[in-house]
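Visitor: Input file: my_file.txt. Contents: compact mmCIF, C-alpha atoms and all ligand atoms.
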# COMPACT_ATOMS: atom_id res chain seq x y z
CA MET P 1260 27.54 14.02 -2.12
CA GLY P 1261 29.95 16.11 -4.17
CA HIS P 1262 32.98 16.71 -1.96
CA SER P 1263 34.73 13.64 -0.67
CA HIS P 1264 38.30 13.88 0.38
CA VAL P 1265 40.22 10.90 -0.88
CA GLU P 1266 43.23 12.85 -2.13
CA PHE P 1267 45.61 10.95 0.13
CA MET P 1268 45.32 7.93 -2.20
CA SER P 1269 47.94 7.88 -4.91
CA GLU P 1270 46.29 5.18 -7.02
CA PHE P 1271 42.73 4.75 -8.27
CA HIS P 1272 40.66 2.35 -6.15
CA SER P 1273 37.59 0.44 -7.26
CA GLY P 1274 35.33 -2.36 -6.08
CA PHE P 1275 32.16 -3.51 -4.39
CA ALA P 1276 30.98 -2.39 -0.97
CA ALA P 1277 27.96 -4.46 0.05
CA LEU P 1278 25.43 -3.38 2.68
CA ALA P 1279 24.54 -5.96 5.29
CA GLY P 1280 21.93 -5.47 7.98
CA ARG P 1281 18.55 -6.46 9.25
CA PRO P 1282 15.49 -4.96 7.52
CA ASN P 1283 14.71 -1.27 8.07
CA VAL P 1284 18.09 -0.06 9.38
CA GLY P 1285 18.41 2.31 6.40
CA LYS P 1286 20.59 0.50 3.85
CA SER P 1287 18.70 1.76 0.81
CA THR P 1288 18.46 5.27 2.22
CA LEU P 1289 22.25 5.29 2.55
CA VAL P 1290 22.83 4.07 -1.00
CA ASN P 1291 20.55 6.81 -2.34
CA ALA P 1292 22.19 9.46 -0.16
CA LEU P 1293 25.69 8.50 -1.29
CA ILE P 1294 24.76 8.35 -4.98
CA GLY P 1295 22.73 11.56 -4.72
CA GLN P 1296 19.88 9.93 -6.62
CA LYS P 1297 17.15 7.47 -5.80
CA VAL P 1298 18.24 4.12 -7.15
CA SER P 1299 16.62 2.00 -4.43
CA ILE P 1300 13.16 2.30 -2.92
CA VAL P 1301 12.63 3.20 0.74
CA THR P 1302 9.62 2.72 3.00
CA PRO P 1303 9.06 2.64 6.78
CA LYS P 1304 8.15 -1.06 6.42
CA PRO P 1305 10.76 -3.77 6.93
CA GLN P 1306 11.63 -6.08 4.00
CA THR P 1307 11.25 -3.36 1.40
CA THR P 1308 14.26 -4.31 -0.72
CA ARG P 1309 13.78 -7.75 -2.23
CA THR P 1310 16.79 -8.13 -4.46
CA ARG P 1311 20.32 -6.85 -4.78
CA LEU P 1312 21.09 -3.78 -6.81
CA ILE P 1313 24.08 -1.59 -7.38
CA GLY P 1314 24.42 2.17 -7.03
CA LEU P 1315 27.62 3.65 -8.45
CA LEU P 1316 29.57 6.42 -6.81
CA ASN P 1317 32.28 8.00 -8.96
CA LEU P 1318 35.00 10.00 -7.24
CA PRO P 1319 38.19 11.50 -8.65
CA GLN P 1320 40.22 8.68 -7.16
CA ALA P 1321 37.78 5.84 -6.68
CA GLN P 1322 34.71 4.15 -8.04
CA ILE P 1323 32.55 2.59 -5.34
CA ALA P 1324 29.91 0.07 -6.39
CA LEU P 1325 27.49 0.12 -3.46
CA VAL P 1326 25.56 -3.12 -3.32
CA ASP P 1327 22.15 -2.74 -1.70
CA THR P 1328 20.71 -5.98 -0.37
CA PRO P 1329 17.50 -7.29 1.21
CA GLY P 1330 17.51 -7.09 5.00
CA LEU P 1331 18.65 -10.33 6.63
CA HIS P 1332 15.76 -11.64 8.69
CA HIS P 1333 14.11 -14.52 10.54
CA GLY P 1334 10.41 -15.11 10.33
CA PRO P 1335 8.03 -16.44 7.74
CA GLU P 1336 9.61 -19.22 5.76
CA ARG P 1337 8.11 -18.42 2.42
CA ALA P 1338 10.10 -18.89 -0.77
CA LEU P 1339 10.34 -15.08 -1.03
CA ASN P 1340 12.00 -14.78 2.40
CA ARG P 1341 14.42 -17.59 1.66
CA ALA P 1342 15.30 -15.98 -1.68
CA MET P 1343 15.84 -12.59 -0.01
CA ASN P 1344 18.18 -14.00 2.63
CA ARG P 1345 20.03 -16.07 0.04
CA THR P 1346 20.42 -13.09 -2.28
CA ALA P 1347 21.77 -10.93 0.53
CA ALA P 1348 24.28 -13.56 1.66
CA ALA P 1349 25.48 -14.15 -1.91
CA ALA P 1350 25.88 -10.42 -2.55
CA LEU P 1351 28.04 -10.11 0.57
CA SER P 1352 30.37 -12.90 -0.43
CA ASP P 1353 30.94 -11.28 -3.84
CA ALA P 1354 32.02 -7.94 -2.33
CA ASP P 1355 35.40 -6.44 -1.49
CA VAL P 1356 34.24 -4.92 1.77
CA VAL P 1357 31.04 -5.25 3.80
CA LEU P 1358 29.20 -2.32 5.36
CA PHE P 1359 27.50 -3.81 8.39
CA MET P 1360 24.68 -1.43 9.26
CA VAL P 1361 22.81 -1.06 12.55
CA GLU P 1362 20.42 1.48 14.00
CA ALA P 1363 21.88 3.66 16.75
CA LEU P 1364 21.13 2.35 20.26
CA ARG P 1365 19.47 -0.80 18.99
CA TRP P 1366 20.63 -4.40 18.92
CA THR P 1367 18.23 -7.26 18.09
CA GLU P 1368 18.44 -10.94 17.26
CA GLU P 1369 18.30 -10.05 13.59
CA ASP P 1370 21.29 -7.72 14.01
CA GLU P 1371 23.06 -10.71 15.51
CA LEU P 1372 22.07 -12.82 12.49
CA ALA P 1373 23.24 -10.13 10.10
CA LEU P 1374 26.59 -9.82 11.85
CA ARG P 1375 27.02 -13.59 11.69
CA ARG P 1376 26.37 -13.54 7.94
CA ALA P 1377 28.71 -10.60 7.42
CA ARG P 1378 31.51 -12.28 9.40
CA ALA P 1379 31.06 -15.51 7.44
CA THR P 1380 32.39 -13.72 4.36
CA GLN P 1381 35.74 -13.24 6.12
CA LEU P 1382 35.93 -9.87 4.38
CA PRO P 1383 36.84 -6.66 6.19
CA LEU P 1384 33.75 -5.18 7.85
CA ILE P 1385 33.00 -1.49 8.32
CA ALA P 1386 30.34 -0.85 10.97
CA VAL P 1387 27.85 1.85 10.02
CA VAL P 1388 25.70 3.18 12.86
CA ASN P 1389 22.76 4.86 11.19
CA LYS P 1390 19.97 7.17 12.42
CA VAL P 1391 22.17 9.08 14.87
CA ASP P 1392 19.91 12.10 14.23
CA ARG P 1393 17.51 10.46 16.70
CA VAL P 1394 20.07 10.34 19.51
CA ARG P 1395 19.97 13.24 21.95
CA PRO P 1396 22.26 14.12 23.50
CA ARG P 1397 24.86 12.59 21.20
CA ALA P 1398 26.99 11.42 24.13
CA ARG P 1399 24.38 8.68 24.66
CA LEU P 1400 25.94 7.04 21.62
CA LEU P 1401 29.34 6.44 23.21
CA PRO P 1402 28.60 3.30 25.26
CA TYR P 1403 26.72 1.86 22.28
CA LEU P 1404 29.69 2.44 19.98
CA ALA P 1405 31.97 0.79 22.53
CA GLU P 1406 29.71 -2.29 22.77
CA LEU P 1407 29.52 -2.56 19.01
CA SER P 1408 33.29 -2.29 18.64
CA ALA P 1409 33.65 -5.20 21.06
CA ARG P 1410 31.51 -7.47 18.86
CA HIS P 1411 33.96 -7.64 15.98
CA ASP P 1412 37.30 -6.25 14.90
CA PHE P 1413 35.76 -3.71 12.51
CA LEU P 1414 37.97 -1.73 10.17
CA GLU P 1415 36.14 1.37 11.41
CA VAL P 1416 32.91 2.24 13.19
CA VAL P 1417 31.20 5.16 11.47
CA PRO P 1418 28.16 6.83 13.08
CA LEU P 1419 26.03 8.77 10.59
CA SER P 1420 22.58 9.79 9.49
CA ALA P 1421 21.75 8.62 5.99
CA GLN P 1422 18.55 10.61 6.05
CA LYS P 1423 20.07 13.90 7.21
CA GLY P 1424 23.30 13.37 5.27
CA GLU P 1425 25.50 13.57 8.36
CA ASN P 1426 29.04 12.19 8.28
CA LEU P 1427 28.69 10.63 4.84
CA ALA P 1428 32.01 12.00 3.57
CA GLU P 1429 33.81 10.19 6.37
CA LEU P 1430 32.22 6.89 5.35
CA VAL P 1431 33.13 7.43 1.70
CA ARG P 1432 36.74 8.02 2.68
CA VAL P 1433 36.83 4.82 4.75
CA ILE P 1434 35.25 2.73 1.96
CA ALA P 1435 37.53 4.12 -0.78
CA ARG P 1436 40.58 3.27 1.29
CA ALA P 1437 39.30 -0.27 1.92
CA LEU P 1438 38.80 -1.05 -1.78
CA PRO P 1439 41.64 -2.57 -3.81
CA PRO P 1440 43.63 -0.46 -6.27
CA GLY P 1441 42.38 -0.90 -9.82
CA PRO P 1442 40.56 0.80 -12.69
CA ALA P 1443 36.82 1.59 -12.67
CA GLY P 1444 34.67 -1.41 -13.54
CA PHE P 1445 31.68 0.61 -14.76
CA PRO P 1446 31.41 3.55 -17.18
CA PRO P 1447 31.52 6.83 -15.18
CA GLU P 1448 28.05 7.98 -16.37
CA GLN P 1449 26.33 4.83 -15.11
CA ILE P 1450 24.55 5.14 -11.73
CA THR P 1451 22.92 1.71 -11.35
CA ASP P 1452 23.02 -1.78 -12.82
CA ARG P 1453 19.22 -1.92 -12.98
CA SER P 1454 16.99 -1.45 -16.02
CA GLU P 1455 14.32 1.15 -16.63
CA ALA P 1456 11.64 -1.57 -16.27
CA PHE P 1457 13.00 -2.57 -12.86
CA ARG P 1458 13.02 1.02 -11.63
CA ILE P 1459 9.46 1.56 -12.84
CA ALA P 1460 8.22 -1.61 -11.10
CA GLU P 1461 10.03 -0.67 -7.89
CA THR P 1462 8.69 2.89 -7.88
CA ILE P 1463 5.14 1.58 -8.26
CA ARG P 1464 5.76 -0.93 -5.46
CA GLU P 1465 7.11 1.82 -3.22
CA LYS P 1466 4.04 4.01 -3.71
CA LEU P 1467 1.76 1.02 -3.12
CA THR P 1468 3.59 0.04 0.05
CA LEU P 1469 3.37 3.60 1.38
CA GLU P 1470 -0.40 3.56 0.73
CA LEU P 1471 -1.05 0.11 2.14
CA SER P 1472 1.27 -0.11 5.11
CA GLU P 1473 -1.10 -1.93 7.46
CA GLU P 1474 -3.55 -3.57 5.11
CA LEU P 1475 -1.51 -6.08 3.13
CA PRO P 1476 0.69 -8.12 5.45
CA TYR P 1477 2.22 -10.08 2.58
CA GLY P 1478 2.81 -7.09 0.40
CA VAL P 1479 2.45 -6.88 -3.32
CA ALA P 1480 4.56 -7.54 -6.35
CA VAL P 1481 4.68 -5.51 -9.55
CA GLU P 1482 5.29 -6.98 -12.97
CA ILE P 1483 5.94 -4.79 -16.01
CA GLU P 1484 3.98 -6.35 -18.85
CA GLN P 1485 4.67 -3.77 -21.52
CA LEU P 1486 6.99 -0.81 -21.95
CA MET P 1487 7.03 1.18 -25.18
CA THR P 1488 7.32 4.66 -26.64
CA GLU P 1489 4.08 6.20 -27.87
CA PRO P 1490 3.92 8.34 -31.05
CA ASP P 1491 3.87 11.50 -28.85
CA GLY P 1492 7.16 10.45 -27.22
CA ARG P 1493 5.74 9.35 -23.89
CA ARG P 1494 6.87 6.07 -22.37
CA SER P 1495 3.83 3.88 -22.00
CA VAL P 1496 3.84 1.28 -19.23
CA ALA P 1497 1.41 -1.54 -18.51
CA ALA P 1498 1.99 -3.00 -15.06
CA ALA P 1499 0.27 -5.79 -13.15
CA ILE P 1500 0.06 -5.54 -9.39
CA TRP P 1501 0.00 -8.99 -7.86
CA VAL P 1502 -2.00 -9.61 -4.72
CA ASP P 1503 -2.39 -12.83 -2.78
CA ARG P 1504 -6.17 -13.04 -2.32
CA PRO P 1505 -9.29 -11.76 -4.08
CA GLY P 1506 -10.16 -9.63 -1.02
CA GLN P 1507 -6.91 -7.72 -1.39
CA LYS P 1508 -7.77 -6.61 -4.88
CA ALA P 1509 -10.53 -4.29 -3.65
CA ILE P 1510 -8.19 -2.88 -1.01
CA VAL P 1511 -5.54 -1.97 -3.57
CA ILE P 1512 -8.05 -0.46 -5.98
CA GLY P 1513 -9.86 1.52 -3.25
CA ALA P 1514 -13.33 3.03 -3.36
CA GLY P 1515 -14.11 4.06 -6.92
CA GLY P 1516 -10.54 3.28 -7.95
CA GLU P 1517 -9.31 6.19 -5.89
CA ARG P 1518 -6.33 4.49 -4.24
CA LEU P 1519 -4.94 2.94 -7.40
CA ARG P 1520 -5.21 6.32 -9.15
CA ARG P 1521 -3.30 7.99 -6.32
CA VAL P 1522 -0.57 5.35 -6.50
CA GLY P 1523 -0.32 5.70 -10.27
CA ARG P 1524 -0.10 9.46 -10.05
CA ALA P 1525 2.61 9.45 -7.37
CA ALA P 1526 4.64 6.86 -9.31
CA ARG P 1527 4.26 8.74 -12.58
CA LEU P 1528 5.40 12.07 -11.13
CA GLU P 1529 8.43 10.48 -9.51
CA LEU P 1530 9.40 8.54 -12.64
CA ASN P 1531 9.11 11.65 -14.82
CA ARG P 1532 11.54 13.39 -12.53
CA LEU P 1533 13.84 10.44 -11.84
CA LEU P 1534 14.23 9.07 -15.35
CA GLY P 1535 13.81 12.33 -17.27
CA GLN P 1536 11.04 11.09 -19.55
CA ARG P 1537 7.27 11.45 -19.60
CA TYR P 1538 5.48 8.32 -18.45
CA HIS P 1539 1.98 7.02 -18.93
CA LEU P 1540 1.11 4.22 -16.50
CA SER P 1541 -1.71 1.69 -16.83
CA LEU P 1542 -2.03 -0.30 -13.63
CA TRP P 1543 -4.21 -3.31 -13.02
CA VAL P 1544 -4.55 -5.71 -10.14
CA LYS P 1545 -4.16 -9.43 -10.62
CA VAL P 1546 -4.89 -12.10 -8.01
CA ARG P 1547 -2.03 -14.53 -7.97
CA ALA P 1548 -2.62 -16.75 -4.96
CA GLY P 1549 0.50 -17.78 -3.09
CA TRP P 1550 2.90 -15.81 -5.31
CA ALA P 1551 5.35 -15.24 -2.45
CA ASP P 1552 5.74 -18.98 -1.96
CA ASP P 1553 5.86 -19.89 -5.63
CA ALA P 1554 9.31 -20.32 -7.16
CA ARG P 1555 8.00 -19.79 -10.69
CA ALA P 1556 6.32 -16.52 -9.77
CA LEU P 1557 9.49 -15.30 -8.07
CA ARG P 1558 11.58 -16.09 -11.13
CA GLN P 1559 9.08 -14.18 -13.24
CA LEU P 1560 9.59 -11.20 -10.90
CA GLY P 1561 13.34 -11.59 -11.00
CA VAL P 1562 13.72 -12.01 -7.24
CA GLN P 1563 15.35 -15.43 -7.37
N1 LIG P 1601 15.60 9.09 11.53
C1 LIG P 1601 16.19 8.45 10.53
N2 LIG P 1601 15.48 7.59 9.77
C2 LIG P 1601 16.12 6.95 8.76
C3 LIG P 1601 17.49 7.18 8.49
N3 LIG P 1601 17.84 6.39 7.43
C4 LIG P 1601 16.72 5.72 7.07
N4 LIG P 1601 15.67 6.05 7.85
C5 LIG P 1601 14.29 5.54 7.75
O1 LIG P 1601 14.28 4.15 8.06
C6 LIG P 1601 13.26 3.49 7.30
C7 LIG P 1601 13.87 2.31 6.55
O2 LIG P 1601 14.77 2.78 5.58
P1 LIG P 1601 15.28 1.87 4.37
O3 LIG P 1601 16.36 2.60 3.69
O4 LIG P 1601 14.12 1.39 3.55
O5 LIG P 1601 15.87 0.63 5.20
P2 LIG P 1601 16.52 -0.73 4.62
O6 LIG P 1601 17.59 -1.12 5.55
O7 LIG P 1601 16.87 -0.57 3.19
O8 LIG P 1601 15.28 -1.74 4.79
P3 LIG P 1601 15.00 -3.12 3.95
O9 LIG P 1601 15.03 -2.80 2.51
O10 LIG P 1601 13.64 -3.50 4.43
O11 LIG P 1601 16.05 -4.11 4.38
C8 LIG P 1601 12.67 4.53 6.39
O12 LIG P 1601 11.49 5.01 6.98
C9 LIG P 1601 13.73 5.61 6.33
O13 LIG P 1601 13.22 6.90 6.07
C10 LIG P 1601 18.22 8.11 9.30
O14 LIG P 1601 19.40 8.38 9.14
N5 LIG P 1601 17.51 8.71 10.30
MG MG P 1602 16.23 -1.52 1.50
Could you render the structure from this file as structure tokens?

Guide:
Amino acid sequence: MGHSHVEFMSEFHSGFAALAGRPNVGKSTLVNALIGQKVSIVTPKPQTTRTRLIGLLNLPQAQIALVDTPGLHHGPERALNRAMNRTAAAALSDADVVLFMVEALRWTEEDELALRRARATQLPLIAVVNKVDRVRPRARLLPYLAELSARHDFLEVVPLSAQKGENLAELVRVIARALPPGPAGFPPEQITDRSEAFRIAETIREKLTLELSEELPYGVAVEIEQLMTEPDGRRSVAAAIWVDRPGQKAIVIGAGGERLRRVGRAARLELNRLLGQRYHLSLWVKVRAGWADDARALRQLGVQ
């Protein structure tokens, strides 16, 4: 991001801006784009983000704690889905302002649900219309923006492209102005509230999800079992990949272990770059039947 113009504010502003939206609208992509670093994983699959996390944006006159949340959704009533919806709703109610995100030219029942949840907070809402890079010609957006504006008395409606980085400075300006005056709540060098172990587990899960998009309808979970520094200075990680059924184990591993090796390699390269250390990953696949509907398993994963 770099250059955001908030110089019209005479006092320092600080607070929490929580993302609200159905799965897949681009909430995590936006958080990463605003922070200028990947703090939240992104995939083309809905329900990627499973828990809330914070990305911190420090400006000369404001500190914005962007709260990424799981997409609000209907659908399978597993304990995991209930926990995701609950987490998202709770994160919204703890915020100072809510960024209600939709995809340009689209409005679904889940968008309706998400707007209902966002309104229930009684906080000011900023509408963010993402993925405008797909709209050609841009004038096609105008009736959509008008319809959206009629749905709620939004503070502002900001069309942008998180992926292409279009119009982000405008959004930052709007958020900073909506936050209350006050000192920064986090040290300026901090970029996220999440631990190294969390970011490792999430990076592995992202690479797995990208590899397995169609094959594992219930997805996987990743548990970090060990994290330590080896004598040569490398960070050594042992991670268990949880699958739901024995048949899924072979799918994740792939012929001759090829797929799991590819996932491990992609995760390792990204972690080296992202966290500035050298990683050594040992991945193994564990069958944990019904994990997504098992409260104990979810607590162990930190998603509830
Ligand atoms: N064309 C386009 N695609 C985008 C844009 N922003 C995000 N995407 C894509 O949309 C998909 C979903 O992005 P995410 O950031 O994971 O969406 P999310 O809202 O966090 O999804 P959940 O975590 O499942 O709730 C990914 O394939 C992104 O690359 C954008 O501005 N333009
Ligand atoms: Mg997400």

Visitor: Between CA of Asp1327 in chain P and CA of Ala1554 in chain P, what is the distance, to one decimal in Å?

Guide: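 Separating CA of Asp1327 in chain P from CA of Ala1554 in chain P is a distance of 22.4 Å.
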
Visitor: Please, which residues have at least one atom within 6 Å of an atom of ligand LIG 1601 (chain P), using all atoms listed in the file, listed as a PyMOL selection string?

Guide: chain P and resi 1281-1288+1301-1303+1305-1308+1329-1330+1389-1390+1392-1393+1420-1423

Visitor: Please measure the separation of CA of Ala1551 in chain P and CA of Leu1339 in chain P, giving the value in Å to one decimal.

Guide: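 Separating CA of Ala1551 in chain P from CA of Leu1339 in chain P is a distance of 5.2 Å.
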
Visitor: Tell me, counting only C-alpha atoms, for each residue of range 1525-1559 of chain P within 8 Å of range 1500-1503 of chain P, which pair of atoms is nearest and how far apart they are in Å to one decimal, in rows ordered by chain and increasing number, as CSV.

Guide:
residue,atom,partner,partner_atom,distance
P:Leu1542,CA,P:Ile1500,CA,7.1
P:Trp1543,CA,P:Ile1500,CA,6.0
P:Val1544,CA,P:Ile1500,CA,4.7
P:Lys1545,CA,P:Trp1501,CA,5.0
P:Val1546,CA,P:Val1502,CA,5.0
P:Arg1547,CA,P:Asp1503,CA,5.5
P:Ala1548,CA,P:Asp1503,CA,4.5
P:Gly1549,CA,P:Asp1503,CA,5.7
P:Trp1550,CA,P:Asp1503,CA,6.6

Visitor: One number please: CA of Val1481 in chain P to CA of Asn1344 in chain P, in Å, one decimal.

Guide: 20.1 Å

Visitor: Which residue, P:Leu1293, P:Leu1534, P:Leu1384, P:Leu1351, has the smallest gap to Gly1424 in chain P when you use only C-alpha atoms?

Guide: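 The closest residue to Gly1424 in chain P is P:Leu1293.
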
Visitor: For Arg1309 in chain P, please output as a list in words all residues within 8 Å (counting all atoms listed in the file; exclusion window: fewer than 4 positions along the same chain).

Guide: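 Near Arg1309 in chain P, the qualifying residues are Thr1328, Pro1329, Met1343 and Val1562 of chain P.
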
Visitor: Give me the residues within 6 Å of range 1357-1366 of chain P as a ChimeraX atom specification, counting all atoms listed in the file and dropping any in the same chain fewer than 4 places off.

Guide: /P:1276-1280,1284,1370,1384-1391,1403

Visitor: For Glu1461 in chain P, which of P:Val1290, P:Ala1526, P:Leu1533, P:Leu1407 is the closest residue, counting all atoms listed in the file?

Guide: P:Ala1526

Visitor: Using only C-alpha atoms and all ligand atoms, pick whichever of P:Arg1311, P:Ile1483, P:Arg1376, P:Asn1426 has the shortest atom-to-atom distance to ligand MG 1602 (chain P).

Guide: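 Closest to ligand MG 1602 (chain P), using only C-alpha atoms and all ligand atoms: P:Arg1311.
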
Visitor: Using all atoms listed in the file, which residue out of P:Glu1425, P:Asp1412, P:Glu1465, P:Glu1448 lies closest to ligand MG 1602 (chain P)?

Guide: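 For ligand MG 1602 (chain P), the nearest of the candidates is P:Glu1465.
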
Visitor: Scan for residues within 10 Å of the point (3.2, 6.1, -19.4) in the coordinates of the file, using only C-alpha atoms, and reply as a PyMOL selection string.

Guide: chain P and resi 1486-1489+1492-1497+1523+1527+1530-1531+1536-1541

Visitor: What would the file look like if the residues just selected were written as a PDB file, in the coordinates of the input with C-alpha atoms?

Guide:
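Result file follows (result-v1.pdb):
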ATOM      1  CA  LEU P1486       6.990  -0.810 -21.950  1.00  0.00           C
ATOM      2  CA  MET P1487       7.030   1.180 -25.180  1.00  0.00           C
ATOM      3  CA  THR P1488       7.320   4.660 -26.640  1.00  0.00           C
ATOM      4  CA  GLU P1489       4.080   6.200 -27.870  1.00  0.00           C
ATOM      5  CA  GLY P1492       7.160  10.450 -27.220  1.00  0.00           C
ATOM      6  CA  ARG P1493       5.740   9.350 -23.890  1.00  0.00           C
ATOM      7  CA  ARG P1494       6.870   6.070 -22.370  1.00  0.00           C
ATOM      8  CA  SER P1495       3.830   3.880 -22.000  1.00  0.00           C
ATOM      9  CA  VAL P1496       3.840   1.280 -19.230  1.00  0.00           C
ATOM     10  CA  ALA P1497       1.410  -1.540 -18.510  1.00  0.00           C
ATOM     11  CA  GLY P1523      -0.320   5.700 -10.270  1.00  0.00           C
ATOM     12  CA  ARG P1527       4.260   8.740 -12.580  1.00  0.00           C
ATOM     13  CA  LEU P1530       9.400   8.540 -12.640  1.00  0.00           C
ATOM     14  CA  ASN P1531       9.110  11.650 -14.820  1.00  0.00           C
ATOM     15  CA  GLN P1536      11.040  11.090 -19.550  1.00  0.00           C
ATOM     16  CA  ARG P1537       7.270  11.450 -19.600  1.00  0.00           C
ATOM     17  CA  TYR P1538       5.480   8.320 -18.450  1.00  0.00           C
ATOM     18  CA  HIS P1539       1.980   7.020 -18.930  1.00  0.00           C
ATOM     19  CA  LEU P1540       1.110   4.220 -16.500  1.00  0.00           C
ATOM     20  CA  SER P1541      -1.710   1.690 -16.830  1.00  0.00           C
TER      21      SER P1541
END

Visitor: Please determine, counting all atoms listed in the file, which residue among P:Thr1310, P:Phe1271, P:Arg1532, P:Ile1294 has the shortest atom-to-atom distance to ligand MG 1602 (chain P).

Guide: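 Of the candidates, the smallest distance to ligand MG 1602 (chain P) is held by P:Thr1310.
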
Visitor: For a quick check of understanding, using only C-alpha atoms, which of P:Ala1405, P:Leu1560, P:Ala1525, P:Val1433 has the smallest distance to Lys1466 in chain P?

Guide: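 Ranked by minimum distance to Lys1466 in chain P, first place goes to P:Ala1525.
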
Visitor: What would range 1355-1372 of chain P look like with N, CA and C atoms restored, written as a PDB file, in the frame of the given file?

Guide:
ATOM      1  N   ASP P1355      34.028  -6.672  -1.955  1.00  0.00           N
ATOM      2  CA  ASP P1355      35.400  -6.440  -1.490  1.00  0.00           C
ATOM      3  C   ASP P1355      35.422  -6.028  -0.033  1.00  0.00           C
ATOM      4  N   VAL P1356      34.361  -5.350   0.379  1.00  0.00           N
ATOM      5  CA  VAL P1356      34.240  -4.920   1.770  1.00  0.00           C
ATOM      6  C   VAL P1356      32.757  -4.923   2.114  1.00  0.00           C
ATOM      7  N   VAL P1357      32.438  -5.200   3.374  1.00  0.00           N
ATOM      8  CA  VAL P1357      31.040  -5.250   3.800  1.00  0.00           C
ATOM      9  C   VAL P1357      30.750  -4.096   4.749  1.00  0.00           C
ATOM     10  N   LEU P1358      29.660  -3.374   4.464  1.00  0.00           N
ATOM     11  CA  LEU P1358      29.200  -2.320   5.360  1.00  0.00           C
ATOM     12  C   LEU P1358      28.106  -2.907   6.235  1.00  0.00           C
ATOM     13  N   PHE P1359      28.455  -3.216   7.463  1.00  0.00           N
ATOM     14  CA  PHE P1359      27.500  -3.810   8.390  1.00  0.00           C
ATOM     15  C   PHE P1359      26.734  -2.686   9.075  1.00  0.00           C
ATOM     16  N   MET P1360      25.443  -2.589   8.769  1.00  0.00           N
ATOM     17  CA  MET P1360      24.680  -1.430   9.260  1.00  0.00           C
ATOM     18  C   MET P1360      23.734  -1.787  10.402  1.00  0.00           C
ATOM     19  N   VAL P1361      23.759  -0.940  11.431  1.00  0.00           N
ATOM     20  CA  VAL P1361      22.810  -1.060  12.550  1.00  0.00           C
ATOM     21  C   VAL P1361      22.152   0.289  12.785  1.00  0.00           C
ATOM     22  N   GLU P1362      21.103   0.264  13.620  1.00  0.00           N
ATOM     23  CA  GLU P1362      20.420   1.480  14.000  1.00  0.00           C
ATOM     24  C   GLU P1362      20.958   1.901  15.366  1.00  0.00           C
ATOM     25  N   ALA P1363      21.305   3.157  15.498  1.00  0.00           N
ATOM     26  CA  ALA P1363      21.880   3.660  16.750  1.00  0.00           C
ATOM     27  C   ALA P1363      21.043   3.230  17.949  1.00  0.00           C
ATOM     28  N   LEU P1364      21.709   2.750  18.977  1.00  0.00           N
ATOM     29  CA  LEU P1364      21.130   2.350  20.260  1.00  0.00           C
ATOM     30  C   LEU P1364      20.262   1.097  20.195  1.00  0.00           C
ATOM     31  N   ARG P1365      20.282   0.411  19.065  1.00  0.00           N
ATOM     32  CA  ARG P1365      19.470  -0.800  18.990  1.00  0.00           C
ATOM     33  C   ARG P1365      20.325  -2.011  18.635  1.00  0.00           C
ATOM     34  N   TRP P1366      19.976  -3.133  19.247  1.00  0.00           N
ATOM     35  CA  TRP P1366      20.630  -4.400  18.920  1.00  0.00           C
ATOM     36  C   TRP P1366      19.606  -5.505  19.108  1.00  0.00           C
ATOM     37  N   THR P1367      19.260  -6.208  18.032  1.00  0.00           N
ATOM     38  CA  THR P1367      18.230  -7.260  18.090  1.00  0.00           C
ATOM     39  C   THR P1367      18.831  -8.585  17.633  1.00  0.00           C
ATOM     40  N   GLU P1368      18.010  -9.616  17.732  1.00  0.00           N
ATOM     41  CA  GLU P1368      18.440 -10.940  17.260  1.00  0.00           C
ATOM     42  C   GLU P1368      18.757 -10.921  15.773  1.00  0.00           C
ATOM     43  N   GLU P1369      18.028 -10.109  15.030  1.00  0.00           N
ATOM     44  CA  GLU P1369      18.300 -10.050  13.590  1.00  0.00           C
ATOM     45  C   GLU P1369      19.605  -9.305  13.296  1.00  0.00           C
ATOM     46  N   ASP P1370      19.975  -8.350  14.156  1.00  0.00           N
ATOM     47  CA  ASP P1370      21.290  -7.720  14.010  1.00  0.00           C
ATOM     48  C   ASP P1370      22.383  -8.774  14.219  1.00  0.00           C
ATOM     49  N   GLU P1371      22.144  -9.624  15.207  1.00  0.00           N
ATOM     50  CA  GLU P1371      23.060 -10.710  15.510  1.00  0.00           C
ATOM     51  C   GLU P1371      23.219 -11.628  14.278  1.00  0.00           C
ATOM     52  N   LEU P1372      22.078 -11.987  13.698  1.00  0.00           N
ATOM     53  CA  LEU P1372      22.070 -12.820  12.490  1.00  0.00           C
ATOM     54  C   LEU P1372      22.844 -12.143  11.363  1.00  0.00           C
TER      55      LEU P1372
END
